[in-house]
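Notes to accompany the following structure.
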Amino acid sequence: MSERVRVLVVDDDPLVRAGLRMILGGAADVEVVGEAGSGAEVPPLVAELGPDVVLMDLHMPGVDGLTATERLRKAPGAPEVLVLTAFEADGHVQRALRAGAGGFLLKDTPPAQIVAAVRRVAAGEPVLSPEVTRRLIGIAVGGGDDRRAPARERLRALNTRETEVAAEVGRGRSNAEIAATLHLSVPTVKTHVSAALAKLGLNNRVQLALLVNDAGLVS
């Protein structure tokens, strides 16, 4: 990630794009490097501009934000995706989480929180509080019985400590909270999280949280 967080704003409404540009442009460490009006424009702009974060609307004509997120996150070295979403869109939340979106914002989120969210997702952290993360995961995972056995089989790739850390990620806990719970240092927790993501072929801790919930490790 560059010194300034480089953001590509994707929304089919020019007024929304203008508002987000104004909000993000007020932060000294955030730079809006480009805009797109549809998901189809995202791949070439990402290749040209190299953003750290794509701020992605879900509902757009043509290639929508869900499809664009899925395509983008499959590519090596893809930027983080911060989705603009409606909380009640359960199916959309599930699909975007599993595609590798790093977080979610409502369009009426206060400006300061939008800027903070962009910074956090650029650093590889979920932008939601643990409570909201747990609620989102609970919504997204619904009907997980048919995924339990495959999820548990995937988690066999982890050692005991990595599995313990992964379970705490599934509870929506931060690295500091996990360190306190498991009596580890924060750098050690980060190492275990990174190792788990690499072994499982996942993009971020949101996907890891979903997987451990699918496996039934979190009550």
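A note on labels: chains of the structure tokens are A, B, ... as shown, every chain counts residues from 1, and ligands are counted from 1 in their shown order.
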* Residues at most 10 Å from segment 113-128 of chain A, counting only C-alpha atoms, excluding those fewer than 3 positions away in the same chain, as a ChimeraX atom specification? -> /A:1-2,4-7,20,23-27,29-30,51-55,79-82,101-110,131-134,136,172,174-175,203-206
Just write the chosen residues, N, CA and C atoms, as a CSV table (one decimal), in the first residue's frame.
```csv
chain,number,residue,atom,x,y,z
A,1,MET,N,0.8,-1.2,0.0
A,1,MET,CA,0.0,0.0,0.0
A,1,MET,C,0.9,1.2,0.0
A,2,SER,N,0.5,2.2,-0.8
A,2,SER,CA,1.3,3.5,-0.9
A,2,SER,C,1.0,4.3,0.4
A,4,ARG,N,-0.3,7.2,0.8
A,4,ARG,CA,-1.6,7.7,0.7
A,4,ARG,C,-2.5,6.5,0.2
A,5,VAL,N,-3.7,6.4,0.8
A,5,VAL,CA,-4.6,5.4,0.4
A,5,VAL,C,-5.3,5.8,-0.9
A,6,ARG,N,-5.1,5.1,-1.9
A,6,ARG,CA,-5.6,5.4,-3.3
A,6,ARG,C,-6.9,4.7,-3.5
A,7,VAL,N,-8.0,5.5,-3.8
A,7,VAL,CA,-9.3,4.9,-3.8
A,7,VAL,C,-9.9,5.1,-5.2
A,20,LEU,N,-18.8,11.3,-2.5
A,20,LEU,CA,-17.7,10.5,-2.0
A,20,LEU,C,-16.4,11.1,-2.3
A,23,ILE,N,-16.0,13.9,0.2
A,23,ILE,CA,-15.7,13.3,1.6
A,23,ILE,C,-14.3,12.8,1.7
A,24,LEU,N,-13.9,12.0,0.8
A,24,LEU,CA,-12.6,11.4,0.8
A,24,LEU,C,-11.5,12.4,0.6
A,25,GLY,N,-11.7,13.3,-0.3
A,25,GLY,CA,-10.7,14.3,-0.6
A,25,GLY,C,-10.4,15.3,0.5
A,26,GLY,N,-11.2,15.3,1.5
A,26,GLY,CA,-10.9,16.1,2.7
A,26,GLY,C,-9.9,15.5,3.6
A,27,ALA,N,-9.5,14.2,3.4
A,27,ALA,CA,-8.5,13.6,4.3
A,27,ALA,C,-7.1,13.6,3.6
A,29,ASP,N,-4.6,11.8,3.9
A,29,ASP,CA,-3.9,10.6,3.6
A,29,ASP,C,-4.7,9.7,2.7
A,30,VAL,N,-5.8,10.3,2.1
A,30,VAL,CA,-6.6,9.5,1.2
A,30,VAL,C,-6.7,10.3,-0.2
A,51,PRO,N,-5.4,1.3,-7.6
A,51,PRO,CA,-5.9,1.8,-6.3
A,51,PRO,C,-5.7,0.7,-5.2
A,52,ASP,N,-5.6,1.2,-3.9
A,52,ASP,CA,-5.5,0.3,-2.8
A,52,ASP,C,-6.9,-0.2,-2.4
A,53,VAL,N,-7.9,0.6,-2.6
A,53,VAL,CA,-9.3,0.3,-2.2
A,53,VAL,C,-10.2,0.7,-3.4
A,54,VAL,N,-11.2,-0.2,-3.7
A,54,VAL,CA,-12.3,0.1,-4.6
A,54,VAL,C,-13.5,0.2,-3.7
A,55,LEU,N,-14.1,1.4,-3.7
A,55,LEU,CA,-15.4,1.7,-3.0
A,55,LEU,C,-16.5,1.4,-3.9
A,79,PRO,N,-6.9,-5.1,-5.4
A,79,PRO,CA,-7.1,-4.1,-4.3
A,79,PRO,C,-8.2,-4.6,-3.4
A,80,GLU,N,-8.3,-4.1,-2.2
A,80,GLU,CA,-9.4,-4.4,-1.3
A,80,GLU,C,-10.7,-3.7,-1.8
A,81,VAL,N,-11.8,-4.4,-1.5
A,81,VAL,CA,-13.1,-3.8,-1.9
A,81,VAL,C,-13.9,-3.5,-0.7
A,82,LEU,N,-14.4,-2.3,-0.7
A,82,LEU,CA,-15.3,-1.8,0.4
A,82,LEU,C,-16.7,-1.6,-0.3
A,101,ALA,N,-15.0,-9.3,-0.3
A,101,ALA,CA,-15.1,-7.9,0.1
A,101,ALA,C,-14.6,-7.7,1.5
A,102,GLY,N,-13.9,-6.7,1.7
A,102,GLY,CA,-13.3,-6.4,3.0
A,102,GLY,C,-14.2,-5.7,4.0
A,103,GLY,N,-15.4,-5.2,3.6
A,103,GLY,CA,-16.2,-4.5,4.5
A,103,GLY,C,-17.4,-3.9,3.8
A,104,PHE,N,-18.3,-3.3,4.6
A,104,PHE,CA,-19.6,-2.8,4.1
A,104,PHE,C,-19.9,-1.5,4.8
A,105,LEU,N,-20.4,-0.6,4.0
A,105,LEU,CA,-20.9,0.7,4.5
A,105,LEU,C,-22.3,0.9,4.0
A,106,LEU,N,-23.1,1.5,4.8
A,106,LEU,CA,-24.4,2.1,4.3
A,106,LEU,C,-24.2,3.4,3.7
A,107,LYS,N,-25.0,3.8,2.8
A,107,LYS,CA,-24.8,5.0,2.0
A,107,LYS,C,-25.0,6.3,2.9
A,108,ASP,N,-25.7,6.1,4.1
A,108,ASP,CA,-25.9,7.2,5.0
A,108,ASP,C,-24.9,7.2,6.1
A,109,THR,N,-23.8,6.5,6.0
A,109,THR,CA,-22.7,6.5,7.0
A,109,THR,C,-22.1,7.9,7.1
A,110,PRO,N,-21.9,8.4,8.3
A,110,PRO,CA,-21.3,9.7,8.5
A,110,PRO,C,-19.9,9.8,7.8
A,131,GLU,N,-19.6,-6.4,16.8
A,131,GLU,CA,-21.0,-6.7,17.0
A,131,GLU,C,-21.6,-6.8,15.6
A,132,VAL,N,-21.4,-5.8,14.8
A,132,VAL,CA,-22.0,-5.7,13.4
A,132,VAL,C,-21.4,-6.9,12.6
A,133,THR,N,-20.1,-7.1,12.7
A,133,THR,CA,-19.5,-8.2,12.0
A,133,THR,C,-20.2,-9.6,12.3
A,134,ARG,N,-20.4,-9.8,13.6
A,134,ARG,CA,-21.1,-11.0,14.0
A,134,ARG,C,-22.5,-11.1,13.4
A,136,LEU,N,-23.6,-9.6,10.6
A,136,LEU,CA,-23.5,-9.8,9.2
A,136,LEU,C,-23.2,-11.3,8.9
A,172,GLY,N,-15.7,-12.4,15.6
A,172,GLY,CA,-15.7,-11.0,15.3
A,172,GLY,C,-14.7,-10.2,16.2
A,174,SER,N,-11.2,-8.6,17.5
A,174,SER,CA,-10.0,-7.9,16.9
A,174,SER,C,-8.7,-8.7,17.3
A,175,ASN,N,-7.6,-8.3,16.7
A,175,ASN,CA,-6.3,-9.0,17.0
A,175,ASN,C,-6.0,-8.8,18.5
A,203,ASN,N,-8.8,-14.5,1.0
A,203,ASN,CA,-8.3,-13.2,0.8
A,203,ASN,C,-8.2,-12.3,2.0
A,204,ASN,N,-9.1,-12.6,3.0
A,204,ASN,CA,-9.2,-11.7,4.2
A,204,ASN,C,-9.9,-12.4,5.3
A,205,ARG,N,-9.9,-11.8,6.5
A,205,ARG,CA,-10.4,-12.4,7.7
A,205,ARG,C,-11.9,-12.5,7.7
A,206,VAL,N,-12.6,-11.7,6.9
A,206,VAL,CA,-14.0,-11.9,6.8
A,206,VAL,C,-14.4,-13.3,6.2
```
* Residue contacts of Ala40 of chain A (8 Å, only C-alpha atoms) excluding same-chain residues fewer than 3 positions away, as JSON, numbers by chain -> {"A": [43, 62, 63, 68]}
* **All residues 12 Å or closer to Glu48 of chain A, only C-alpha atoms, same chain fewer than 4 positions away omitted, as a VMD selection string** => chain A and resid 8 33 to 34 41 to 44
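Atom pair atom CA of Val32 of chain A / atom CA of Pro61 of chain A has a distance of 22.6 Å (rounded to one decimal).
Residues of segment 23-205 of chain A that DSSP, applied to the backbone, places in strand (DSSP E): Val30, Glu31, Val32, Val33, Gly34, Glu35, Ala36, Val53, Val54, Leu55, Met56, Asp57, Glu80, Val81, Leu82, Val83, Leu84, Gly103, Phe104 and Leu105 of chain A.
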* Taking only C-alpha atoms into account, which of A:Pro14, A:Gly39, A:Pro150, A:Gly216 comes nearest Leu72 of chain A? -> A:Gly39
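Between Arg154 of chain A and the candidates A:Ala215, A:Ala99, A:Val46, A:Ala180, the tightest atom-to-atom separation, counting only C-alpha atoms, involves A:Ala215.
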* To do: Within 8 Å of segment 159-167 of chain A, counting only C-alpha atoms, which residues show up once you throw out same-chain ones fewer than 6 positions away? Write them as a ChimeraX atom specification, please.
  => /A:178,182,189,192-193,195-196,208-209,212,217-218
Selected residues written out, N, CA, C and O atoms, as an mmCIF file, in the first residue's frame:
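Okay, this is what ended up in again-v5.cif:
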```cif
data_model
loop_
_atom_site.group_PDB
_atom_site.id
_atom_site.type_symbol
_atom_site.label_atom_id
_atom_site.label_comp_id
_atom_site.auth_asym_id
_atom_site.auth_seq_id
_atom_site.Cartn_x
_atom_site.Cartn_y
_atom_site.Cartn_z
ATOM 1 N N ILE A 178 -8.207 -11.066 20.590
ATOM 2 C CA ILE A 178 -7.763 -12.456 20.452
ATOM 3 C C ILE A 178 -6.507 -12.693 21.270
ATOM 4 O O ILE A 178 -6.368 -13.715 21.957
ATOM 5 N N LEU A 182 -6.365 -15.533 24.206
ATOM 6 C CA LEU A 182 -5.506 -16.714 24.046
ATOM 7 C C LEU A 182 -4.126 -16.548 24.680
ATOM 8 O O LEU A 182 -3.273 -17.430 24.546
ATOM 9 N N VAL A 189 -0.604 -13.136 16.973
ATOM 10 C CA VAL A 189 -1.950 -13.327 16.427
ATOM 11 C C VAL A 189 -1.962 -12.995 14.942
ATOM 12 O O VAL A 189 -2.513 -13.745 14.126
ATOM 13 N N HIS A 192 -0.483 -15.792 12.971
ATOM 14 C CA HIS A 192 -1.374 -16.949 12.852
ATOM 15 C C HIS A 192 -2.506 -16.675 11.858
ATOM 16 O O HIS A 192 -2.877 -17.565 11.084
ATOM 17 N N VAL A 193 -3.041 -15.462 11.885
ATOM 18 C CA VAL A 193 -4.101 -15.116 10.938
ATOM 19 C C VAL A 193 -3.575 -15.176 9.510
ATOM 20 O O VAL A 193 -4.206 -15.759 8.615
ATOM 21 N N ALA A 195 -1.035 -16.882 8.381
ATOM 22 C CA ALA A 195 -0.755 -18.272 8.032
ATOM 23 C C ALA A 195 -2.038 -19.011 7.675
ATOM 24 O O ALA A 195 -2.095 -19.785 6.698
ATOM 25 N N ALA A 196 -3.100 -18.767 8.444
ATOM 26 C CA ALA A 196 -4.379 -19.425 8.171
ATOM 27 C C ALA A 196 -4.932 -19.000 6.813
ATOM 28 O O ALA A 196 -5.412 -19.839 6.035
ATOM 29 N N LEU A 208 -12.401 -15.817 6.360
ATOM 30 C CA LEU A 208 -12.019 -16.786 7.386
ATOM 31 C C LEU A 208 -13.130 -16.928 8.427
ATOM 32 O O LEU A 208 -13.452 -18.039 8.862
ATOM 33 N N ALA A 209 -13.723 -15.818 8.816
ATOM 34 C CA ALA A 209 -14.824 -15.856 9.782
ATOM 35 C C ALA A 209 -16.005 -16.650 9.236
ATOM 36 O O ALA A 209 -16.636 -17.430 9.951
ATOM 37 N N VAL A 212 -15.155 -20.526 9.395
ATOM 38 C CA VAL A 212 -15.246 -21.172 10.711
ATOM 39 C C VAL A 212 -16.686 -21.222 11.201
ATOM 40 O O VAL A 212 -17.077 -22.128 11.919
ATOM 41 N N LEU A 217 -17.649 -23.942 14.265
ATOM 42 C CA LEU A 217 -16.709 -23.733 15.373
ATOM 43 C C LEU A 217 -17.170 -22.627 16.305
ATOM 44 O O LEU A 217 -16.661 -22.500 17.406
ATOM 45 N N VAL A 218 -18.114 -21.816 15.846
ATOM 46 C CA VAL A 218 -18.593 -20.681 16.647
ATOM 47 C C VAL A 218 -20.068 -20.885 16.935
ATOM 48 O O VAL A 218 -20.866 -21.060 16.019
#
```
* Structure fact -> note - atom CA of Leu58 of chain A and atom CA of Ala36 of chain A are separated by 12.7 Å
* If you run DSSP on the backbone, which residues of segment 43-173 of chain A are alpha helix (DSSP H), as a PyMOL selection string? -> chain A and resi 43-49+65-73+90-99+111-122+130-141+145-155+160-170
* Asked: Just how far from atom CA of Leu210 of chain A is atom CA of Thr85 of chain A, in Å to one decimal?
  -> 18.4 Å
Report as an mmCIF file with N, CA, C and O atoms, in the first residue's frame all protein, DNA and RNA residues lying within 9 Å of Ala96 of chain A, evaluated on only C-alpha atoms, omitting residues in the same chain fewer than 4 positions from it.
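See selection-v3.cif below for the written result:
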```
data_model
loop_
_atom_site.group_PDB
_atom_site.id
_atom_site.type_symbol
_atom_site.label_atom_id
_atom_site.label_comp_id
_atom_site.auth_asym_id
_atom_site.auth_seq_id
_atom_site.Cartn_x
_atom_site.Cartn_y
_atom_site.Cartn_z
ATOM 1 N N GLY A 65 -22.180 -4.446 -8.885
ATOM 2 C CA GLY A 65 -21.049 -4.441 -7.967
ATOM 3 C C GLY A 65 -20.689 -5.821 -7.439
ATOM 4 O O GLY A 65 -19.516 -6.091 -7.154
ATOM 5 N N LEU A 66 -21.668 -6.695 -7.301
ATOM 6 C CA LEU A 66 -21.393 -8.053 -6.837
ATOM 7 C C LEU A 66 -20.539 -8.809 -7.841
ATOM 8 O O LEU A 66 -19.518 -9.414 -7.496
ATOM 9 N N THR A 67 -20.945 -8.755 -9.096
ATOM 10 C CA THR A 67 -20.183 -9.434 -10.149
ATOM 11 C C THR A 67 -18.798 -8.831 -10.276
ATOM 12 O O THR A 67 -17.797 -9.553 -10.409
ATOM 13 N N THR A 69 -17.076 -7.335 -7.980
ATOM 14 C CA THR A 69 -16.267 -7.723 -6.823
ATOM 15 C C THR A 69 -15.743 -9.138 -6.982
ATOM 16 O O THR A 69 -14.558 -9.416 -6.725
ATOM 17 N N GLU A 70 -16.599 -10.058 -7.404
ATOM 18 C CA GLU A 70 -16.175 -11.443 -7.603
ATOM 19 C C GLU A 70 -15.049 -11.534 -8.624
ATOM 20 O O GLU A 70 -14.048 -12.222 -8.400
ATOM 21 N N VAL A 83 -17.657 -2.336 0.125
ATOM 22 C CA VAL A 83 -18.944 -2.322 -0.560
ATOM 23 C C VAL A 83 -19.900 -1.319 0.075
ATOM 24 O O VAL A 83 -19.994 -1.210 1.287
ATOM 25 N N GLY A 91 -28.941 -11.716 0.711
ATOM 26 C CA GLY A 91 -28.283 -12.499 -0.330
ATOM 27 C C GLY A 91 -27.095 -11.781 -0.917
ATOM 28 O O GLY A 91 -26.066 -12.398 -1.224
ATOM 29 N N HIS A 92 -27.203 -10.477 -1.061
ATOM 30 C CA HIS A 92 -26.092 -9.690 -1.583
ATOM 31 C C HIS A 92 -24.929 -9.672 -0.601
ATOM 32 O O HIS A 92 -23.765 -9.747 -1.002
ATOM 33 N N GLY A 100 -14.932 -11.974 -1.198
ATOM 34 C CA GLY A 100 -13.724 -11.369 -0.665
ATOM 35 C C GLY A 100 -13.802 -9.895 -0.373
ATOM 36 O O GLY A 100 -12.773 -9.242 -0.175
ATOM 37 N N ALA A 101 -15.008 -9.331 -0.322
ATOM 38 C CA ALA A 101 -15.141 -7.920 0.068
ATOM 39 C C ALA A 101 -14.629 -7.744 1.495
ATOM 40 O O ALA A 101 -14.883 -8.565 2.362
ATOM 41 N N GLY A 102 -13.913 -6.668 1.726
ATOM 42 C CA GLY A 102 -13.307 -6.446 3.029
ATOM 43 C C GLY A 102 -14.191 -5.734 4.022
ATOM 44 O O GLY A 102 -13.842 -5.631 5.196
#
```
